[in-house]
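Asker: Attaching a single structure in C-alpha cells format; questions to follow.
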Amino acid sequence: MTFRSIGVMGGGAWGTALAHRLALNGRSVLIWAFEPETVDAINTHHTNPLFLADIPLSHALRATSDLSALSACELVLLVPPAQHLGRLAGELVHHVSRDVPFVICAKGIERETNRLLQDVLAATAPHQPFAFLSGPSFASEVAKGLPAALTVACPDADLGRKIAETIGSPNLRLYWTDDVVGVAIGGAAKNVLAIAAGIVDGRALGANAHAALVTRGFAELRRFAEAHGARAETLAGLSGLGDLLLTCGSPQSRNMSLGRALGQGQSIEDVLGARTSVTEGVYTAAAMVAMAEAKGIDVPISRAVLAIVEGHIGVDAAIEALMQRPLKAED
C-alpha cells in the first residue's frame, strides 16, 4: 500500500525535485508554489528556472498557488523554508482532513521560538500524522535521477514504512526510523557546521583543517543531539553524518558556499542579497546556540559561526579563538 495522490507545499529546488521524481514514478502530484511565475513555468513550460534551472520536469506534474487545491491529496510533503513552516502548515490544515499525513522535508530550527520543526508542526497542526524526510540530497542530483538514499523518521512505524515505499524508487533508497529528534537535529545542525566548513575552504586553510573541522563538528552535533534525546545510531546514519559529509564537502551546498564567500572576505549582506534561495544555517545558528546554552552544552563551532554571521567577530579572530581553546581529551 502506498499513497497515490501527493501534494508538495513549496516550489523551491528541493520541493520541485521531489515532486518531479514522484510524478515520474506514476504518482498524481500537485505542487504549491508561492511565486506565480514558478507556477506558470511548471504548468506551461515544465521547468522551474528560478530554483531548478536547466532540468526539464515531468509533463504530469501540476502546479498551483492555491493551498486549498491540496485538499484532495492523500499525503502532503512540507518543503517551505524552515522559518515559514509553522505559518504555512497552520493555513494548510484548514483545507485537508485530519488523517492526511504531513511529511516535513525542511531542515532547520525555528529562530523565533528555538523549536525543532516537529514541535512547530505540533503547535500549528496538532492532529495531523507526521513524518520527517532527511538525508544527504542535493536537489539537482535527485531531480536527474542520480542514486541517493534518505531517511524517513516517523513515530508510527507502519506509516513511516508506507511513506518510504511511496517516495522511494530504484534510484532513491529510503530507510525508516522512529527517532524523529535525531533526524530533525541532524538536518538542522549540519547547515551551521557547513558554513564553518565553507569558511575554512574559502580561507584556503587546507585539507587538514577541513577534516578537523568536520570531525569536531560531528562531535558537536552528536553532543547537542544526544542531549535532546537523539540516538547515536541515527546521528551516525544518513540524516546525521551522511548529510554532514555532503553539505560540508561541496559548494553545491548553499550553506557551504555562503561560508566560502565569508572566508574570501565578502559580507554576509552581499552574499544573501544575491540569492533567491534561503540559507537555513544563518537562522539555525542562533537557535542552536540558544538551545545549547539552555542545556549547558558546549558548541564552540556553532557559536563561532553565529558570531561571524552577526558581525561580532572577524573570520581570522574566530579561527584563532577556536584553535587556542584549552586542550582536553578527545572523548
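Lettering and numbering for the C-alpha cells are positional, with chains as A, B, ... in the shown order, residues counted from 1 in each chain, and ligands counted from 1 in the shown order.
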Give me the residues of stretch 111-153 of chain A that have any atom at most 10 Å from an atom of stretch 16-27 of chain A; for each, the nearest atom pair and the distance in Å, rounded to one decimal. Use only C-alpha atoms, sort by chain and number, and format it as a tab-separated table.

Answerer:
```
residue	atom	partner	partner_atom	distance
A:Phe138	CA	A:Ala17	CA	9.2
A:Ala139	CA	A:Ala17	CA	5.6
A:Ser140	CA	A:Ala17	CA	6.9
A:Glu141	CA	A:Ala17	CA	8.6
A:Val142	CA	A:Ala17	CA	6.3
A:Ala143	CA	A:Ala17	CA	4.6
A:Lys144	CA	A:Ala17	CA	8.4
A:Gly145	CA	A:Arg21	CA	7.5
```

Asker: Hey, what's within 6 Å of stretch 100-114 of chain A if we count only C-alpha atoms and toss same-chain stuff fewer than 5 positions away? As a VMD selection string, please?

Answerer: chain A and resid 74 to 79 82 to 83 128 to 133 187 to 188 283 to 284 287

Asker: Which residue gives the smallest distance to A:Pro136 among A:Ala285, A:Val96, A:Ala149, A:Ala304, with only C-alpha atoms counted?

Answerer: A:Ala149

Asker: So which residues touch A:Ser28 within 9 Å, counting only C-alpha atoms, skipping near sequence neighbours fewer than 3 positions away, as a list in words?

Answerer: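 That gives Arg4, Ser5, Ile6, Gly7, Leu22, Ala23, Ala60, Leu61, Arg62 and Cys73 of chain A.
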
Asker: Select, from A:Ala230, A:Arg115, A:Ala69, A:Ile163, the residue with the minimum atom-to-atom distance to A:His95, counting only C-alpha atoms.

Answerer: A:Ala69

Asker: Which is closest to A:Ser277 among A:Ile42, A:Ala196, A:Ala219, A:Leu50, if we use only C-alpha atoms?

Answerer: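 Ranked by minimum distance to A:Ser277, first place goes to A:Leu50.
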
Asker: Please list as a PyMOL selection string every residue within 12 Å of A:Ile319, counting only C-alpha atoms and excluding residues in the same chain fewer than 3 positions away.

Answerer: chain A and resi 196-197+199-200+203+205+209+213+263+300-301+303-305+307-308+313-316+322-325

Asker: Store the residues of this selection in a file with N, CA, C and O atoms, as a short mmCIF file (atom, residue, chain, number, x, y, z; two decimals), in the first residue's frame.

Answerer:
```cif
data_model
loop_
_atom_site.label_atom_id
_atom_site.label_comp_id
_atom_site.auth_asym_id
_atom_site.auth_seq_id
_atom_site.Cartn_x
_atom_site.Cartn_y
_atom_site.Cartn_z
N ALA A 196 30.76 26.80 8.62
CA ALA A 196 32.13 26.76 9.15
C ALA A 196 33.07 26.07 8.18
O ALA A 196 34.20 26.53 7.94
N ALA A 197 32.65 24.95 7.60
CA ALA A 197 33.49 24.24 6.64
C ALA A 197 33.76 25.10 5.42
O ALA A 197 34.88 25.09 4.87
N ILE A 199 33.91 28.38 5.40
CA ILE A 199 34.87 29.41 5.81
C ILE A 199 36.29 28.87 5.74
O ILE A 199 37.21 29.54 5.25
N VAL A 200 36.49 27.65 6.23
CA VAL A 200 37.82 27.02 6.16
C VAL A 200 38.28 26.90 4.72
O VAL A 200 39.44 27.20 4.38
N ARG A 203 38.99 30.37 3.14
CA ARG A 203 40.21 30.96 3.68
C ARG A 203 41.45 30.18 3.25
O ARG A 203 42.58 30.55 3.62
N LEU A 205 42.56 27.20 4.12
CA LEU A 205 43.29 26.70 5.28
C LEU A 205 43.74 25.26 5.12
O LEU A 205 44.42 24.73 5.99
N ALA A 209 42.77 21.12 7.94
CA ALA A 209 41.83 21.93 8.72
C ALA A 209 40.39 21.55 8.42
O ALA A 209 39.55 21.50 9.32
N LEU A 213 37.78 20.18 11.13
CA LEU A 213 36.53 20.92 11.36
C LEU A 213 35.32 20.00 11.26
O LEU A 213 34.44 20.02 12.11
N GLY A 263 34.65 33.43 4.00
CA GLY A 263 36.08 33.16 4.15
C GLY A 263 36.91 33.95 3.15
O GLY A 263 38.07 34.28 3.42
N PRO A 300 31.25 25.12 20.45
CA PRO A 300 32.14 26.23 20.08
C PRO A 300 32.12 26.58 18.60
O PRO A 300 32.24 27.75 18.23
N ILE A 301 31.99 25.58 17.72
CA ILE A 301 31.98 25.87 16.28
C ILE A 301 30.71 26.63 15.91
O ILE A 301 30.76 27.64 15.19
N ARG A 303 28.91 28.42 17.86
CA ARG A 303 28.99 29.75 18.47
C ARG A 303 29.86 30.68 17.64
O ARG A 303 29.56 31.87 17.47
N ALA A 304 30.94 30.14 17.09
CA ALA A 304 31.81 30.95 16.25
C ALA A 304 31.10 31.37 14.96
O ALA A 304 31.22 32.52 14.51
N VAL A 305 30.35 30.44 14.36
CA VAL A 305 29.58 30.77 13.16
C VAL A 305 28.58 31.87 13.45
O VAL A 305 28.46 32.84 12.69
N ALA A 307 28.71 34.18 15.77
CA ALA A 307 29.41 35.45 15.98
C ALA A 307 29.85 36.06 14.65
O ALA A 307 29.79 37.30 14.47
N ILE A 308 30.26 35.22 13.70
CA ILE A 308 30.70 35.72 12.40
C ILE A 308 29.51 36.28 11.60
O ILE A 308 29.57 37.39 11.07
N ILE A 313 32.50 39.26 15.30
CA ILE A 313 33.90 38.88 15.25
C ILE A 313 34.29 38.60 13.81
O ILE A 313 33.45 38.19 13.00
N GLY A 314 35.53 38.82 13.46
CA GLY A 314 36.01 38.53 12.13
C GLY A 314 36.38 37.06 11.98
O GLY A 314 36.54 36.33 12.96
N VAL A 315 36.54 36.64 10.73
CA VAL A 315 36.85 35.24 10.45
C VAL A 315 38.17 34.82 11.09
O VAL A 315 38.25 33.78 11.75
N ASP A 316 39.21 35.61 10.92
CA ASP A 316 40.52 35.24 11.46
C ASP A 316 40.51 35.16 12.98
O ASP A 316 41.10 34.24 13.57
N LEU A 322 39.13 29.47 18.23
CA LEU A 322 38.86 28.03 18.25
C LEU A 322 40.15 27.23 18.45
O LEU A 322 40.18 26.25 19.20
N MET A 323 41.21 27.64 17.79
CA MET A 323 42.47 26.91 17.87
C MET A 323 43.13 27.05 19.23
O MET A 323 43.91 26.18 19.64
N GLN A 324 42.85 28.14 19.94
CA GLN A 324 43.51 28.38 21.22
C GLN A 324 42.66 28.00 22.43
O GLN A 324 43.02 28.34 23.57
N ARG A 325 41.58 27.28 22.20
CA ARG A 325 40.79 26.79 23.33
C ARG A 325 41.62 25.83 24.16
O ARG A 325 42.53 25.19 23.67
#
```

Asker: Might you pull out every residue within 6 Å of A:Gly240, with only C-alpha atoms counted and same-chain residues fewer than 4 positions away left off, and present them as a ChimeraX atom specification?

Answerer: /A:186,235-236

Asker: Mind writing the picked residues with N, CA and C atoms as a PDB file, in the first residue's frame?

Answerer:
```pdb
ATOM      1  N   GLY A 186      19.921  16.382  13.100  1.00  0.00           N
ATOM      2  CA  GLY A 186      20.976  16.125  12.119  1.00  0.00           C
ATOM      3  C   GLY A 186      20.852  17.039  10.913  1.00  0.00           C
ATOM      4  N   LEU A 235      22.418   9.480  14.477  1.00  0.00           N
ATOM      5  CA  LEU A 235      23.375  10.537  14.174  1.00  0.00           C
ATOM      6  C   LEU A 235      24.518  10.033  13.311  1.00  0.00           C
ATOM      7  N   ALA A 236      24.837   8.743  13.416  1.00  0.00           N
ATOM      8  CA  ALA A 236      25.892   8.149  12.594  1.00  0.00           C
ATOM      9  C   ALA A 236      25.364   7.703  11.236  1.00  0.00           C
TER      10      ALA A 236
END
```

Asker: Any idea what's packed within 10 Å of A:Lys162, counting only C-alpha atoms, ignoring anything in its chain fewer than 2 positions away? Could you give it as a ChimeraX atom specification?

Answerer: /A:1-3,152,157-160,164-168,176

Asker: Got time to write the residues from that selection, all heavy atoms, as a tab-separated table (two decimals), in the first residue's frame?

Answerer:
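Just written: selection.tsv:
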```tsv
chain	number	residue	atom	x	y	z
A	1	MET	N	0.84	-1.20	0.00
A	1	MET	CA	0.00	0.00	0.00
A	1	MET	C	0.88	1.25	0.00
A	1	MET	O	1.79	1.38	0.80
A	1	MET	CB	-0.90	0.01	1.24
A	1	MET	CG	-1.95	-1.09	1.25
A	1	MET	SD	-3.20	-0.82	-0.03
A	1	MET	CE	-4.01	0.65	0.62
A	2	THR	N	0.61	2.14	-0.93
A	2	THR	CA	1.32	3.41	-0.99
A	2	THR	C	0.32	4.52	-1.24
A	2	THR	O	-0.84	4.28	-1.60
A	2	THR	CB	2.37	3.42	-2.12
A	2	THR	OG1	1.71	3.17	-3.36
A	2	THR	CG2	3.45	2.37	-1.88
A	3	PHE	N	0.76	5.76	-1.04
A	3	PHE	CA	-0.07	6.92	-1.33
A	3	PHE	C	0.02	7.22	-2.83
A	3	PHE	O	1.10	7.22	-3.40
A	3	PHE	CB	0.39	8.13	-0.52
A	3	PHE	CG	0.26	7.95	0.97
A	3	PHE	CD1	1.36	7.61	1.74
A	3	PHE	CD2	-0.96	8.12	1.60
A	3	PHE	CE1	1.26	7.44	3.11
A	3	PHE	CE2	-1.08	7.95	2.97
A	3	PHE	CZ	0.02	7.62	3.73
A	152	VAL	N	13.43	8.33	6.49
A	152	VAL	CA	12.11	8.79	6.93
A	152	VAL	C	11.98	8.49	8.41
A	152	VAL	O	12.12	7.34	8.83
A	152	VAL	CB	10.96	8.08	6.17
A	152	VAL	CG1	9.62	8.47	6.76
A	152	VAL	CG2	11.00	8.44	4.70
A	157	ALA	N	5.55	3.39	13.00
A	157	ALA	CA	6.42	2.60	12.13
A	157	ALA	C	5.72	2.21	10.83
A	157	ALA	O	6.33	2.24	9.76
A	157	ALA	CB	6.90	1.36	12.86
A	158	ASP	N	4.45	1.84	10.91
A	158	ASP	CA	3.72	1.44	9.70
A	158	ASP	C	3.57	2.61	8.73
A	158	ASP	O	3.74	2.45	7.52
A	158	ASP	CB	2.35	0.89	10.07
A	158	ASP	CG	2.43	-0.46	10.78
A	158	ASP	OD1	3.45	-1.16	10.59
A	158	ASP	OD2	1.49	-0.80	11.52
A	159	LEU	N	3.26	3.78	9.28
A	159	LEU	CA	3.14	4.97	8.43
A	159	LEU	C	4.50	5.32	7.83
A	159	LEU	O	4.59	5.67	6.64
A	159	LEU	CB	2.59	6.14	9.22
A	159	LEU	CG	2.51	7.48	8.48
A	159	LEU	CD1	1.63	7.37	7.24
A	159	LEU	CD2	1.98	8.59	9.41
A	160	GLY	N	5.56	5.24	8.63
A	160	GLY	CA	6.89	5.54	8.13
A	160	GLY	C	7.27	4.65	6.97
A	160	GLY	O	7.83	5.10	5.95
A	164	ALA	N	7.95	5.71	3.09
A	164	ALA	CA	9.19	5.33	2.43
A	164	ALA	C	8.92	4.61	1.12
A	164	ALA	O	9.59	4.85	0.11
A	164	ALA	CB	10.02	4.45	3.37
A	165	GLU	N	7.94	3.73	1.11
A	165	GLU	CA	7.62	2.99	-0.10
A	165	GLU	C	6.97	3.89	-1.15
A	165	GLU	O	7.11	3.65	-2.35
A	165	GLU	CB	6.70	1.83	0.24
A	165	GLU	CG	7.40	0.73	1.06
A	165	GLU	CD	6.47	-0.38	1.51
A	165	GLU	OE1	5.24	-0.19	1.42
A	165	GLU	OE2	6.97	-1.43	1.97
A	166	THR	N	6.32	4.95	-0.71
A	166	THR	CA	5.70	5.90	-1.64
A	166	THR	C	6.75	6.76	-2.32
A	166	THR	O	6.71	6.97	-3.54
A	166	THR	CB	4.69	6.80	-0.90
A	166	THR	OG1	3.64	6.00	-0.36
A	166	THR	CG2	4.11	7.85	-1.84
A	167	ILE	N	7.69	7.29	-1.55
A	167	ILE	CA	8.69	8.23	-2.07
A	167	ILE	C	9.84	7.50	-2.75
A	167	ILE	O	10.45	8.01	-3.69
A	167	ILE	CB	9.19	9.14	-0.93
A	167	ILE	CG1	8.03	9.96	-0.36
A	167	ILE	CG2	10.31	10.05	-1.42
A	167	ILE	CD1	8.41	10.79	0.85
A	168	GLY	N	10.17	6.31	-2.29
A	168	GLY	CA	11.31	5.57	-2.82
A	168	GLY	C	11.12	5.15	-4.26
A	168	GLY	O	10.01	5.05	-4.78
A	176	TRP	N	13.80	3.82	7.23
A	176	TRP	CA	12.90	4.46	8.18
A	176	TRP	C	13.36	4.22	9.61
A	176	TRP	O	14.08	3.29	9.92
A	176	TRP	CB	11.45	4.02	7.99
A	176	TRP	CG	11.18	2.56	8.11
A	176	TRP	CD1	10.92	1.84	9.25
A	176	TRP	CD2	11.16	1.60	7.04
A	176	TRP	NE1	10.73	0.52	8.96
A	176	TRP	CE2	10.87	0.35	7.62
A	176	TRP	CE3	11.33	1.70	5.66
A	176	TRP	CZ2	10.75	-0.80	6.85
A	176	TRP	CZ3	11.23	0.56	4.90
A	176	TRP	CH2	10.94	-0.67	5.49
```

Asker: Which neighbours of A:Gly135 fall inside 6 Å, counting only C-alpha atoms, when residues of the same chain fewer than 4 positions from it are skipped, and could you give them as an MDAnalysis selection string?

Answerer: chainID A and resid 150:151 238:239 243

Asker: Taking only stretch 83-257 of chain A into account, list the residues labelled helix (DSSP H, G or I) by DSSP (computed from the backbone), as JSON, numbers by chain.

Answerer: {"A": [83, 84, 85, 86, 87, 88, 89, 90, 91, 92, 117, 118, 119, 120, 121, 122, 123, 124, 139, 140, 141, 142, 143, 157, 158, 159, 160, 161, 162, 163, 164, 165, 166, 167, 180, 181, 182, 183, 184, 185, 186, 187, 188, 189, 190, 191, 192, 193, 194, 195, 196, 197, 198, 199, 200, 201, 202, 207, 208, 209, 210, 211, 212, 213, 214, 215, 216, 217, 218, 219, 220, 221, 222, 223, 224, 225, 226, 227, 232, 233, 234, 235, 238, 239, 240, 241, 242, 243, 244, 245, 246, 247, 248, 249, 254, 255, 256, 257]}

Asker: Would you please give, as a JSON list (two decimals) with N, CA, C and O atoms, in the first residue's frame, all residues of stretch 34-179 of chain A that DSSP assigns to strand (DSSP E) based on the backbone?

Answerer:
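Contents of the output file states_34.json:
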```
[["chain", "number", "residue", "atom", "x", "y", "z"],
["A", 62, "ARG", "N", 1.74, 18.97, -11.94],
["A", 62, "ARG", "CA", 0.89, 20.17, -11.99],
["A", 62, "ARG", "C", 1.25, 21.09, -10.84],
["A", 62, "ARG", "O", 1.67, 20.64, -9.77],
["A", 63, "ALA", "N", 1.05, 22.41, -11.04],
["A", 63, "ALA", "CA", 1.39, 23.40, -10.02],
["A", 63, "ALA", "C", 0.20, 24.32, -9.76],
["A", 63, "ALA", "O", -0.66, 24.52, -10.62],
["A", 64, "THR", "N", 0.17, 24.88, -8.55],
["A", 64, "THR", "CA", -0.90, 25.78, -8.16],
["A", 64, "THR", "C", -0.37, 26.79, -7.15],
["A", 64, "THR", "O", 0.65, 26.55, -6.49],
["A", 75, "LEU", "N", -1.40, 12.60, 0.85],
["A", 75, "LEU", "CA", -0.14, 12.82, 1.56],
["A", 75, "LEU", "C", 0.39, 14.18, 1.12],
["A", 75, "LEU", "O", 0.29, 14.53, -0.06],
["A", 76, "VAL", "N", 0.93, 14.96, 2.07],
["A", 76, "VAL", "CA", 1.48, 16.27, 1.72],
["A", 76, "VAL", "C", 2.91, 16.38, 2.24],
["A", 76, "VAL", "O", 3.17, 16.16, 3.42],
["A", 77, "LEU", "N", 3.82, 16.71, 1.35],
["A", 77, "LEU", "CA", 5.21, 16.98, 1.72],
["A", 77, "LEU", "C", 5.35, 18.47, 2.00],
["A", 77, "LEU", "O", 4.97, 19.31, 1.16],
["A", 78, "LEU", "N", 5.88, 18.82, 3.16],
["A", 78, "LEU", "CA", 6.06, 20.22, 3.54],
["A", 78, "LEU", "C", 7.50, 20.62, 3.23],
["A", 78, "LEU", "O", 8.43, 20.20, 3.91],
["A", 102, "PHE", "N", 1.45, 14.69, 7.11],
["A", 102, "PHE", "CA", 2.36, 15.74, 6.66],
["A", 102, "PHE", "C", 3.79, 15.21, 6.80],
["A", 102, "PHE", "O", 4.15, 14.69, 7.85],
["A", 103, "VAL", "N", 4.60, 15.38, 5.78],
["A", 103, "VAL", "CA", 6.00, 14.96, 5.82],
["A", 103, "VAL", "C", 6.87, 16.22, 5.78],
["A", 103, "VAL", "O", 6.89, 16.93, 4.78],
["A", 104, "ILE", "N", 7.57, 16.49, 6.87],
["A", 104, "ILE", "CA", 8.46, 17.65, 6.94],
["A", 104, "ILE", "C", 9.71, 17.35, 6.13],
["A", 104, "ILE", "O", 10.44, 16.40, 6.41],
["A", 109, "ILE", "N", 15.79, 24.97, 12.48],
["A", 109, "ILE", "CA", 15.17, 25.20, 13.78],
["A", 109, "ILE", "C", 14.50, 26.56, 13.72],
["A", 109, "ILE", "O", 15.08, 27.51, 13.19],
["A", 110, "GLU", "N", 13.29, 26.66, 14.23],
["A", 110, "GLU", "CA", 12.58, 27.94, 14.18],
["A", 110, "GLU", "C", 13.29, 28.96, 15.07],
["A", 110, "GLU", "O", 13.38, 28.79, 16.28],
["A", 115, "ARG", "N", 12.40, 26.15, 18.47],
["A", 115, "ARG", "CA", 11.75, 24.85, 18.46],
["A", 115, "ARG", "C", 12.17, 24.04, 17.24],
["A", 115, "ARG", "O", 12.35, 24.58, 16.15],
["A", 116, "LEU", "N", 12.31, 22.72, 17.43],
["A", 116, "LEU", "CA", 12.51, 21.82, 16.31],
["A", 116, "LEU", "C", 11.24, 21.80, 15.46],
["A", 116, "LEU", "O", 10.14, 22.08, 15.94],
["A", 130, "PHE", "N", 2.42, 12.71, 11.16],
["A", 130, "PHE", "CA", 3.54, 13.38, 10.52],
["A", 130, "PHE", "C", 4.75, 12.46, 10.45],
["A", 130, "PHE", "O", 4.86, 11.44, 11.14],
["A", 131, "ALA", "N", 5.68, 12.87, 9.59],
["A", 131, "ALA", "CA", 6.97, 12.20, 9.46],
["A", 131, "ALA", "C", 8.00, 13.25, 9.06],
["A", 131, "ALA", "O", 7.65, 14.40, 8.77],
["A", 132, "PHE", "N", 9.26, 12.85, 9.07],
["A", 132, "PHE", "CA", 10.37, 13.73, 8.71],
["A", 132, "PHE", "C", 11.16, 13.03, 7.61],
["A", 132, "PHE", "O", 11.47, 11.84, 7.72],
["A", 133, "LEU", "N", 11.50, 13.74, 6.54],
["A", 133, "LEU", "CA", 12.33, 13.20, 5.48],
["A", 133, "LEU", "C", 13.63, 13.98, 5.44],
["A", 133, "LEU", "O", 13.62, 15.21, 5.32],
["A", 134, "SER", "N", 14.76, 13.29, 5.55],
["A", 134, "SER", "CA", 16.04, 13.99, 5.57],
["A", 134, "SER", "C", 17.14, 13.05, 5.09],
["A", 134, "SER", "O", 16.94, 11.85, 4.94],
["A", 148, "ALA", "N", 20.63, 8.06, -4.67],
["A", 148, "ALA", "CA", 20.65, 8.73, -3.38],
["A", 148, "ALA", "C", 19.92, 7.86, -2.37],
["A", 148, "ALA", "O", 19.15, 6.96, -2.73],
["A", 149, "ALA", "N", 20.17, 8.11, -1.09],
["A", 149, "ALA", "CA", 19.48, 7.39, -0.01],
["A", 149, "ALA", "C", 19.12, 8.39, 1.08],
["A", 149, "ALA", "O", 19.92, 9.27, 1.44],
["A", 150, "LEU", "N", 17.90, 8.26, 1.60],
["A", 150, "LEU", "CA", 17.38, 9.19, 2.60],
["A", 150, "LEU", "C", 16.76, 8.40, 3.75],
["A", 150, "LEU", "O", 16.57, 7.19, 3.67],
["A", 151, "THR", "N", 16.42, 9.12, 4.81],
["A", 151, "THR", "CA", 15.77, 8.52, 5.98],
["A", 151, "THR", "C", 14.41, 9.15, 6.21],
["A", 151, "THR", "O", 14.27, 10.38, 6.14],
["A", 152, "VAL", "N", 13.43, 8.33, 6.49],
["A", 152, "VAL", "CA", 12.11, 8.79, 6.93],
["A", 152, "VAL", "C", 11.98, 8.49, 8.41],
["A", 152, "VAL", "O", 12.12, 7.34, 8.83],
["A", 153, "ALA", "N", 11.74, 9.52, 9.20],
["A", 153, "ALA", "CA", 11.52, 9.34, 10.64],
["A", 153, "ALA", "C", 10.04, 9.55, 10.93],
["A", 153, "ALA", "O", 9.46, 10.54, 10.50],
["A", 172, "LEU", "N", 16.28, 6.01, -5.63],
["A", 172, "LEU", "CA", 16.14, 6.76, -4.38],
["A", 172, "LEU", "C", 15.74, 5.76, -3.30],
["A", 172, "LEU", "O", 14.58, 5.37, -3.19],
["A", 173, "ARG", "N", 16.73, 5.35, -2.52],
["A", 173, "ARG", "CA", 16.51, 4.33, -1.49],
["A", 173, "ARG", "C", 16.13, 5.00, -0.18],
["A", 173, "ARG", "O", 16.80, 5.93, 0.27],
["A", 174, "LEU", "N", 15.07, 4.51, 0.46],
["A", 174, "LEU", "CA", 14.57, 5.08, 1.70],
["A", 174, "LEU", "C", 14.70, 4.09, 2.85],
["A", 174, "LEU", "O", 14.37, 2.91, 2.71],
["A", 175, "TYR", "N", 15.20, 4.58, 3.98],
["A", 175, "TYR", "CA", 15.22, 3.84, 5.23],
["A", 175, "TYR", "C", 14.25, 4.52, 6.19],
["A", 175, "TYR", "O", 13.91, 5.69, 5.99],
["A", 176, "TRP", "N", 13.80, 3.82, 7.23],
["A", 176, "TRP", "CA", 12.90, 4.46, 8.18],
["A", 176, "TRP", "C", 13.36, 4.22, 9.61],
["A", 176, "TRP", "O", 14.08, 3.29, 9.92],
["A", 177, "THR", "N", 12.94, 5.12, 10.49],
["A", 177, "THR", "CA", 13.28, 5.09, 11.91],
["A", 177, "THR", "C", 12.18, 5.80, 12.67],
["A", 177, "THR", "O", 11.38, 6.53, 12.08]]
```
